[in-house]
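*Asks:* File structure_29.txt below, compact mmCIF, C-alpha atoms:
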# COMPACT_ATOMS: atom_id res chain seq x y z
CA LEU A 1 -18.52 54.71 -30.34
CA THR A 2 -18.38 55.32 -26.60
CA ASP A 3 -14.93 54.92 -24.97
CA ALA A 4 -13.24 54.38 -28.36
CA ASP A 5 -9.72 55.74 -28.87
CA SER A 6 -7.65 56.34 -32.01
CA SER A 7 -6.58 52.69 -32.24
CA ALA A 8 -10.22 51.69 -32.76
CA PHE A 9 -10.37 53.33 -36.20
CA LYS A 10 -8.52 51.96 -39.23
CA TYR A 11 -8.53 55.30 -41.07
CA VAL A 12 -6.43 56.83 -38.30
CA GLY A 13 -4.11 53.85 -37.97
CA GLU A 14 -2.26 52.47 -35.01
CA THR A 15 0.68 54.30 -33.48
CA LYS A 16 3.24 53.45 -30.84
CA SER A 17 2.68 56.78 -29.14
CA ALA A 18 -0.77 58.36 -28.82
CA ASP A 19 0.31 61.15 -26.46
CA VAL A 20 2.18 64.39 -27.12
CA THR A 21 3.99 65.89 -24.14
CA GLY A 22 2.33 69.07 -22.91
CA ILE A 23 -0.77 68.69 -25.11
CA SER A 24 -4.12 67.43 -23.85
CA ASP A 25 -6.60 66.11 -26.40
CA ALA A 26 -9.45 66.92 -24.02
CA ASN A 27 -8.32 70.54 -23.64
CA ARG A 28 -7.77 70.96 -27.38
CA PHE A 29 -11.21 69.52 -28.08
CA GLU A 30 -12.77 71.94 -25.59
CA GLU A 31 -10.92 74.83 -27.23
CA THR A 32 -12.23 73.73 -30.63
CA LEU A 33 -15.82 73.61 -29.38
CA ASN A 34 -15.45 77.06 -27.82
CA ALA A 35 -14.04 78.47 -31.07
CA LEU A 36 -16.92 77.00 -33.05
CA LYS A 37 -19.38 78.41 -30.52
CA ILE A 38 -17.94 81.91 -31.02
CA ILE A 39 -18.86 81.82 -34.72
CA GLY A 40 -22.34 80.49 -33.92
CA LEU A 41 -21.81 76.80 -34.52
CA GLU A 42 -23.52 75.03 -31.63
CA GLY A 43 -26.57 73.01 -30.67
CA ALA A 44 -27.96 70.78 -33.42
CA ASP A 45 -25.29 71.95 -35.89
CA ILE A 46 -22.38 70.85 -33.71
CA ILE A 47 -24.07 67.50 -33.07
CA SER A 48 -24.51 66.97 -36.82
CA LEU A 49 -20.86 67.91 -37.40
CA MET A 50 -19.58 65.44 -34.82
CA ARG A 51 -21.97 62.73 -36.01
CA SER A 52 -20.69 63.15 -39.57
CA ILE A 53 -17.06 62.84 -38.45
CA CYS A 54 -17.93 59.71 -36.45
CA ALA A 55 -19.62 58.23 -39.52
CA VAL A 56 -16.51 58.84 -41.63
CA MET A 57 -14.27 57.20 -39.03
CA GLN A 58 -16.61 54.23 -38.61
CA LEU A 59 -16.88 53.61 -42.35
CA GLY A 60 -13.21 52.71 -42.34
CA ASN A 61 -13.92 49.81 -39.99
CA ILE A 62 -16.40 48.07 -42.28
CA SER A 63 -15.07 44.92 -43.95
CA PHE A 64 -16.56 42.48 -46.44
CA LYS A 65 -16.18 38.81 -47.33
CA ALA A 66 -16.88 36.91 -50.52
CA GLN A 67 -19.94 34.82 -51.18
CA SER A 68 -20.76 32.60 -54.12
CA ASN A 69 -21.57 34.02 -57.55
CA ASP A 70 -19.25 37.06 -57.24
CA SER A 71 -21.25 38.58 -54.42
CA SER A 72 -20.22 39.89 -51.02
CA GLU A 73 -21.56 40.36 -47.52
CA ILE A 74 -20.55 42.45 -44.55
CA SER A 75 -18.22 40.51 -42.24
CA SER A 76 -17.82 43.14 -39.52
CA LEU A 77 -21.42 42.98 -38.25
CA GLU A 78 -20.71 44.66 -34.92
CA GLU A 79 -18.89 47.55 -36.58
CA PHE A 80 -21.69 47.86 -39.14
CA GLN A 81 -24.29 48.12 -36.38
CA LYS A 82 -22.29 50.98 -34.84
CA LEU A 83 -22.34 52.68 -38.23
CA ILE A 84 -26.13 52.24 -38.46
CA ASP A 85 -26.50 53.80 -35.01
CA VAL A 86 -24.41 56.81 -36.06
CA PHE A 87 -26.14 57.24 -39.43
CA GLU A 88 -29.61 56.55 -38.06
CA VAL A 89 -30.60 54.91 -41.34
CA ASN A 90 -32.31 51.67 -42.32
CA HIS A 91 -30.01 48.65 -41.94
CA SER A 92 -31.07 46.95 -45.19
CA LEU A 93 -30.91 50.12 -47.29
CA LEU A 94 -27.30 50.88 -46.32
CA LYS A 95 -26.27 47.24 -46.67
CA ASP A 96 -27.74 47.01 -50.18
CA ALA A 97 -26.18 50.34 -51.17
CA LEU A 98 -22.72 48.97 -50.34
CA THR A 99 -23.03 45.38 -51.61
CA THR A 100 -25.24 45.72 -54.71
CA SER A 101 -25.60 47.96 -57.74
CA LYS A 102 -28.45 48.81 -60.10
CA VAL A 103 -28.01 48.13 -63.81
CA ASN A 104 -30.40 49.57 -66.40
CA VAL A 105 -30.78 47.49 -69.56
CA ARG A 106 -33.33 48.48 -72.20
CA GLY A 107 -35.55 50.23 -69.72
CA GLU A 108 -35.36 47.45 -67.13
CA THR A 109 -33.53 47.74 -63.82
CA PHE A 110 -31.58 44.78 -62.45
CA ILE A 111 -29.92 44.40 -59.06
CA LYS A 112 -26.36 43.09 -59.34
CA SER A 113 -24.15 41.97 -56.47
CA VAL A 114 -20.59 43.30 -56.24
CA VAL A 115 -17.39 41.61 -55.09
CA PRO A 116 -15.83 42.51 -51.69
CA GLU A 117 -13.16 44.75 -53.26
CA VAL A 118 -15.82 46.88 -54.98
CA ALA A 119 -17.95 47.00 -51.82
CA LYS A 120 -14.94 48.27 -49.84
CA GLU A 121 -14.23 50.90 -52.51
CA ARG A 122 -17.83 52.08 -52.19
CA CYS A 123 -17.44 52.29 -48.44
CA ASP A 124 -14.29 54.41 -48.79
CA SER A 125 -15.89 56.59 -51.47
CA LEU A 126 -18.86 57.28 -49.20
CA ALA A 127 -16.49 58.30 -46.41
CA LYS A 128 -14.62 60.66 -48.76
CA ALA A 129 -17.86 62.19 -50.02
CA ILE A 130 -19.16 62.84 -46.51
CA TYR A 131 -15.84 64.32 -45.37
CA SER A 132 -15.61 66.55 -48.46
CA ASN A 133 -19.13 67.91 -48.02
CA VAL A 134 -18.68 68.47 -44.30
CA PHE A 135 -15.40 70.32 -44.93
CA GLU A 136 -16.97 72.60 -47.55
CA TRP A 137 -19.98 73.24 -45.31
CA LEU A 138 -17.76 74.13 -42.35
CA VAL A 139 -15.58 76.52 -44.38
CA SER A 140 -18.72 78.15 -45.81
CA PHE A 141 -20.11 78.54 -42.29
CA ILE A 142 -16.89 80.18 -41.07
CA ASN A 143 -16.77 82.47 -44.11
CA LYS A 144 -20.34 83.58 -43.52
CA ALA A 145 -19.67 84.20 -39.84
CA THR A 146 -16.55 86.28 -40.49
CA THR A 147 -17.79 88.33 -43.46
CA ALA A 148 -18.50 92.01 -42.68
CA PRO A 149 -22.26 92.70 -42.77
CA LYS A 150 -24.02 95.53 -44.56
CA VAL A 151 -24.61 98.50 -42.25
CA GLY A 152 -26.93 101.33 -43.24
CA GLY A 153 -26.98 100.11 -46.82
CA HIS A 154 -23.18 100.24 -47.08
CA ASP A 155 -21.35 97.03 -47.89
CA PHE A 156 -18.08 97.12 -45.96
CA ASN A 157 -16.87 94.08 -47.85
CA GLY A 158 -17.12 95.72 -51.27
CA GLY A 159 -19.68 93.21 -52.47
CA LEU A 160 -17.15 90.39 -52.17
CA THR A 161 -17.72 87.18 -50.28
CA GLY A 162 -15.24 86.56 -47.47
CA THR A 163 -13.17 83.45 -48.01
CA ILE A 164 -10.50 81.39 -46.30
CA GLY A 165 -7.52 80.52 -48.49
CA LEU A 166 -5.73 77.24 -47.84
CA LEU A 167 -2.27 76.44 -49.16
CA ASP A 168 -1.82 72.70 -49.27
CA ILE A 169 1.91 72.02 -49.62
CA PHE A 170 2.78 68.52 -50.77
CA GLY A 171 5.43 68.01 -48.13
CA PHE A 172 9.09 67.16 -48.65
CA GLU A 173 9.75 63.45 -48.28
CA CYS A 174 12.84 61.31 -48.51
CA PHE A 175 12.52 57.54 -48.78
CA LYS A 176 15.08 54.77 -48.97
CA VAL A 177 14.35 54.62 -52.72
CA ASN A 178 13.38 57.98 -54.27
CA ARG A 179 11.96 57.80 -57.78
CA PHE A 180 11.20 60.44 -60.41
CA GLU A 181 7.67 61.16 -59.17
CA GLN A 182 9.07 61.93 -55.71
CA LEU A 183 11.49 64.42 -57.27
CA LEU A 184 8.55 66.17 -58.94
CA ILE A 185 6.64 66.35 -55.67
CA ASN A 186 9.63 67.78 -53.82
CA HIS A 187 10.28 70.22 -56.68
CA ALA A 188 6.69 71.50 -56.46
CA ASN A 189 7.07 71.88 -52.71
CA GLU A 190 10.26 73.92 -53.07
CA LYS A 191 8.57 76.20 -55.64
CA LEU A 192 5.64 76.76 -53.27
CA GLN A 193 8.06 77.59 -50.48
CA VAL A 194 9.79 80.21 -52.66
CA LYS A 195 6.40 81.74 -53.52
CA PHE A 196 5.44 81.79 -49.85
CA THR A 197 8.63 83.52 -48.68
CA GLU A 198 8.43 86.09 -51.49
CA ASP A 199 4.83 87.02 -50.65
CA VAL A 200 5.09 86.91 -46.88
CA PHE A 201 8.61 88.26 -46.27
CA VAL A 202 10.25 89.86 -49.32
CA ALA A 203 7.23 91.67 -50.79
CA VAL A 204 6.08 92.93 -47.39
CA GLN A 205 9.51 94.33 -46.51
CA VAL A 206 9.73 96.10 -49.89
CA GLU A 207 6.25 97.59 -49.41
CA TYR A 208 7.03 98.79 -45.88
CA LYS A 209 10.28 100.46 -46.99
CA HIS A 210 8.51 102.09 -49.94
CA GLU A 211 5.88 103.58 -47.62
CA GLY A 212 8.46 104.62 -45.02
CA VAL A 213 7.20 102.23 -42.36
CA PRO A 214 9.96 101.19 -39.94
CA ILE A 215 10.65 97.48 -40.11
CA GLU A 216 13.47 95.33 -38.85
CA ASN A 217 15.30 93.07 -41.23
CA ILE A 218 13.61 89.65 -41.10
CA CYS A 219 15.81 86.61 -41.51
CA PHE A 220 14.13 83.62 -43.12
CA PRO A 221 15.26 80.35 -44.72
CA ASP A 222 15.99 80.94 -48.41
CA ASN A 223 15.61 77.84 -50.55
CA SER A 224 15.99 79.60 -53.94
CA SER A 225 19.34 77.84 -54.43
CA VAL A 226 17.54 74.49 -54.28
CA VAL A 227 15.11 75.61 -57.00
CA LEU A 228 18.02 76.84 -59.16
CA LEU A 229 19.70 73.47 -58.72
CA LEU A 230 16.57 71.82 -60.10
CA GLU A 231 15.62 74.24 -62.89
CA GLY A 232 18.53 76.61 -63.52
CA LYS A 233 20.70 76.68 -66.68
CA SER A 234 22.92 73.89 -65.36
CA SER A 235 20.09 72.16 -63.52
CA LEU A 236 19.33 68.52 -62.93
CA MET A 237 16.06 68.84 -64.83
Is it possible to give me this structure as structure tokens?

*Replies:*
Amino acid sequence: LTDADSSAFKYVGETKSADVTGISDANRFEETLNALKIIGLEGADIISLMRSICAVMQLGNISFKAQSNDSSEISSLEEFQKLIDVFEVNHSLLKDALTTSKVNVRGETFIKSVVPEVAKERCDSLAKAIYSNVFEWLVSFINKATTAPKVGGHDFNGGLTGTIGLLDIFGFECFKVNRFEQLLINHANEKLQVKFTEDVFVAVQVEYKHEGVPIENICFPDNSSVVLLLEGKSSLM
């Protein structure tokens, strides 16, 4: 994958602008590596991490074409060879895993070919599985590195495992044609935003005032009126 840029990978997609003013991909990548090094992720582990990400990206470039008898074969041979080099696995084993399936009938195992659409779905599923496992492994590694250790027999973390909480907000979207499902997505997003502002701003200010801690009044966007519009007594819902 030497000298490849974002346009070389179908999962990323092509864009008219690959640069962001004032931001260097090289510098950001170096910062990421340094941050990972601080928590102890380096050497063979960092190589395995980057190799896994490369494998996910390269899987998106694999394409298939139909053969006779509802079978398929890999049409992007050059891209597939790059994938083999990244995976460091046997060429035939990976090819068969993507283009055939095993069927057990009355104790006997048969090899059945799959159509190109199914082969592509398998390719995408493999990419998702690798990405999911790498993500969970990385979060677990960070949690382990940032959890307070036991000192002198005392557990400073109260016996609890340190975790990283992620809030995945759907994202507010507005299309030329907005259907009911889009309204539900945007409604969920607005509810999450209300919860976020209550926990981060409102609740904290109330707690500080209760404990007599000086705090300036914090102004923040209040979208509660939007939620009332959607679910109040005279709401649209």

*Asks:* Between A:Glu117, A:Ser125, A:Ile130, A:Ser6, which residue has the minimum interatomic distance to Ala55 in chain A, considering all atoms listed in the file?

*Replies:* A:Ile130

*Asks:* Between CA of Leu41 in chain A and CA of Val89 in chain A, what is the distance, to one decimal in Å?

*Replies:*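 Here the two named atoms are 24.6 Å from each other.
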
*Asks:* CA of Ile111 in chain A and CA of Ser72 in chain A are how many Å apart?

*Replies:*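 Between CA of Ile111 in chain A and CA of Ser72 in chain A the gap is 13.4 Å.
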
*Asks:* Put the listed atoms of range 210-221 of chain A in a box along x, y and z with 5 Å added on every side and give me the centre and edge lengths in Å to one decimal, as JSON.

*Replies:*
{"center_x": 10.8, "center_y": 92.5, "center_z": -44.4, "size_x": 19.9, "size_y": 34.3, "size_z": 21.1}

*Asks:* Just checking: using only C-alpha atoms, which residue out of A:Val227, A:Asn69, A:Val115, A:Glu121 ends up closest to Leu183 in chain A?

*Replies:*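 Among the listed residues, A:Val227 lies closest to Leu183 in chain A.
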
*Asks:* Give me, please, the distance in Å between CA of Ala127 in chain A and CA of Met50 in chain A, quoted to one decimal.

*Replies:*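 These atoms are spaced 14.0 Å apart.
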
*Asks:* So which one's closest to Thr100 in chain A, A:Ser113, A:Thr21, A:Asn217, A:Thr32? Using only C-alpha atoms, please.

*Replies:*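 That would be A:Ser113, the residue with the smallest distance to Thr100 in chain A.
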
*Asks:* At a cut-off of 9 Å, using all atoms listed in the file, what residues contact range 62-64 of chain A? Leave out same-chain residues fewer than 3 positions from it and give the result as a PyMOL selection string.

*Replies:* chain A and resi 58-59+72-77+79-80+83+99+115-117+119-120+123

*Asks:* Can you patch up range 106-120 of chain A, filling it in to N, CA, C and O atoms, and show the result as a JSON list (two decimals), keeping the file's coordinate frame?

*Replies:*
[["chain", "number", "residue", "atom", "x", "y", "z"],
["A", 106, "ARG", "N", -32.14, 48.34, -71.36],
["A", 106, "ARG", "CA", -33.33, 48.48, -72.20],
["A", 106, "ARG", "C", -34.58, 48.82, -71.38],
["A", 106, "ARG", "O", -35.64, 48.22, -71.53],
["A", 107, "GLY", "N", -34.41, 49.77, -70.50],
["A", 107, "GLY", "CA", -35.55, 50.23, -69.72],
["A", 107, "GLY", "C", -35.85, 49.41, -68.49],
["A", 107, "GLY", "O", -36.74, 49.75, -67.70],
["A", 108, "GLU", "N", -35.15, 48.29, -68.30],
["A", 108, "GLU", "CA", -35.36, 47.45, -67.13],
["A", 108, "GLU", "C", -34.21, 47.62, -66.15],
["A", 108, "GLU", "O", -33.07, 47.79, -66.54],
["A", 109, "THR", "N", -34.54, 47.58, -64.87],
["A", 109, "THR", "CA", -33.53, 47.74, -63.82],
["A", 109, "THR", "C", -33.27, 46.40, -63.15],
["A", 109, "THR", "O", -34.20, 45.72, -62.69],
["A", 110, "PHE", "N", -31.98, 46.03, -63.08],
["A", 110, "PHE", "CA", -31.58, 44.78, -62.45],
["A", 110, "PHE", "C", -30.67, 45.08, -61.27],
["A", 110, "PHE", "O", -29.89, 46.04, -61.30],
["A", 111, "ILE", "N", -30.78, 44.28, -60.24],
["A", 111, "ILE", "CA", -29.92, 44.40, -59.06],
["A", 111, "ILE", "C", -28.77, 43.41, -59.20],
["A", 111, "ILE", "O", -29.00, 42.20, -59.34],
["A", 112, "LYS", "N", -27.54, 43.93, -59.17],
["A", 112, "LYS", "CA", -26.36, 43.09, -59.34],
["A", 112, "LYS", "C", -25.49, 43.16, -58.09],
["A", 112, "LYS", "O", -25.23, 44.24, -57.56],
["A", 113, "SER", "N", -25.05, 42.01, -57.62],
["A", 113, "SER", "CA", -24.15, 41.97, -56.47],
["A", 113, "SER", "C", -22.75, 42.37, -56.89],
["A", 113, "SER", "O", -22.38, 42.23, -58.06],
["A", 114, "VAL", "N", -21.97, 42.89, -55.95],
["A", 114, "VAL", "CA", -20.59, 43.30, -56.24],
["A", 114, "VAL", "C", -19.63, 42.49, -55.37],
["A", 114, "VAL", "O", -20.00, 41.99, -54.30],
["A", 115, "VAL", "N", -18.41, 42.38, -55.83],
["A", 115, "VAL", "CA", -17.39, 41.61, -55.09],
["A", 115, "VAL", "C", -16.91, 42.43, -53.90],
["A", 115, "VAL", "O", -17.12, 43.65, -53.84],
["A", 116, "PRO", "N", -16.27, 41.80, -52.90],
["A", 116, "PRO", "CA", -15.83, 42.51, -51.69],
["A", 116, "PRO", "C", -14.95, 43.72, -51.96],
["A", 116, "PRO", "O", -15.07, 44.74, -51.27],
["A", 117, "GLU", "N", -14.05, 43.63, -52.97],
["A", 117, "GLU", "CA", -13.16, 44.75, -53.26],
["A", 117, "GLU", "C", -13.96, 45.98, -53.69],
["A", 117, "GLU", "O", -13.66, 47.12, -53.29],
["A", 118, "VAL", "N", -14.99, 45.77, -54.51],
["A", 118, "VAL", "CA", -15.82, 46.88, -54.98],
["A", 118, "VAL", "C", -16.65, 47.44, -53.82],
["A", 118, "VAL", "O", -16.82, 48.66, -53.70],
["A", 119, "ALA", "N", -17.16, 46.56, -52.98],
["A", 119, "ALA", "CA", -17.95, 47.00, -51.82],
["A", 119, "ALA", "C", -17.10, 47.87, -50.90],
["A", 119, "ALA", "O", -17.57, 48.90, -50.38],
["A", 120, "LYS", "N", -15.84, 47.48, -50.69],
["A", 120, "LYS", "CA", -14.94, 48.27, -49.84],
["A", 120, "LYS", "C", -14.63, 49.62, -50.49],
["A", 120, "LYS", "O", -14.56, 50.65, -49.78]]
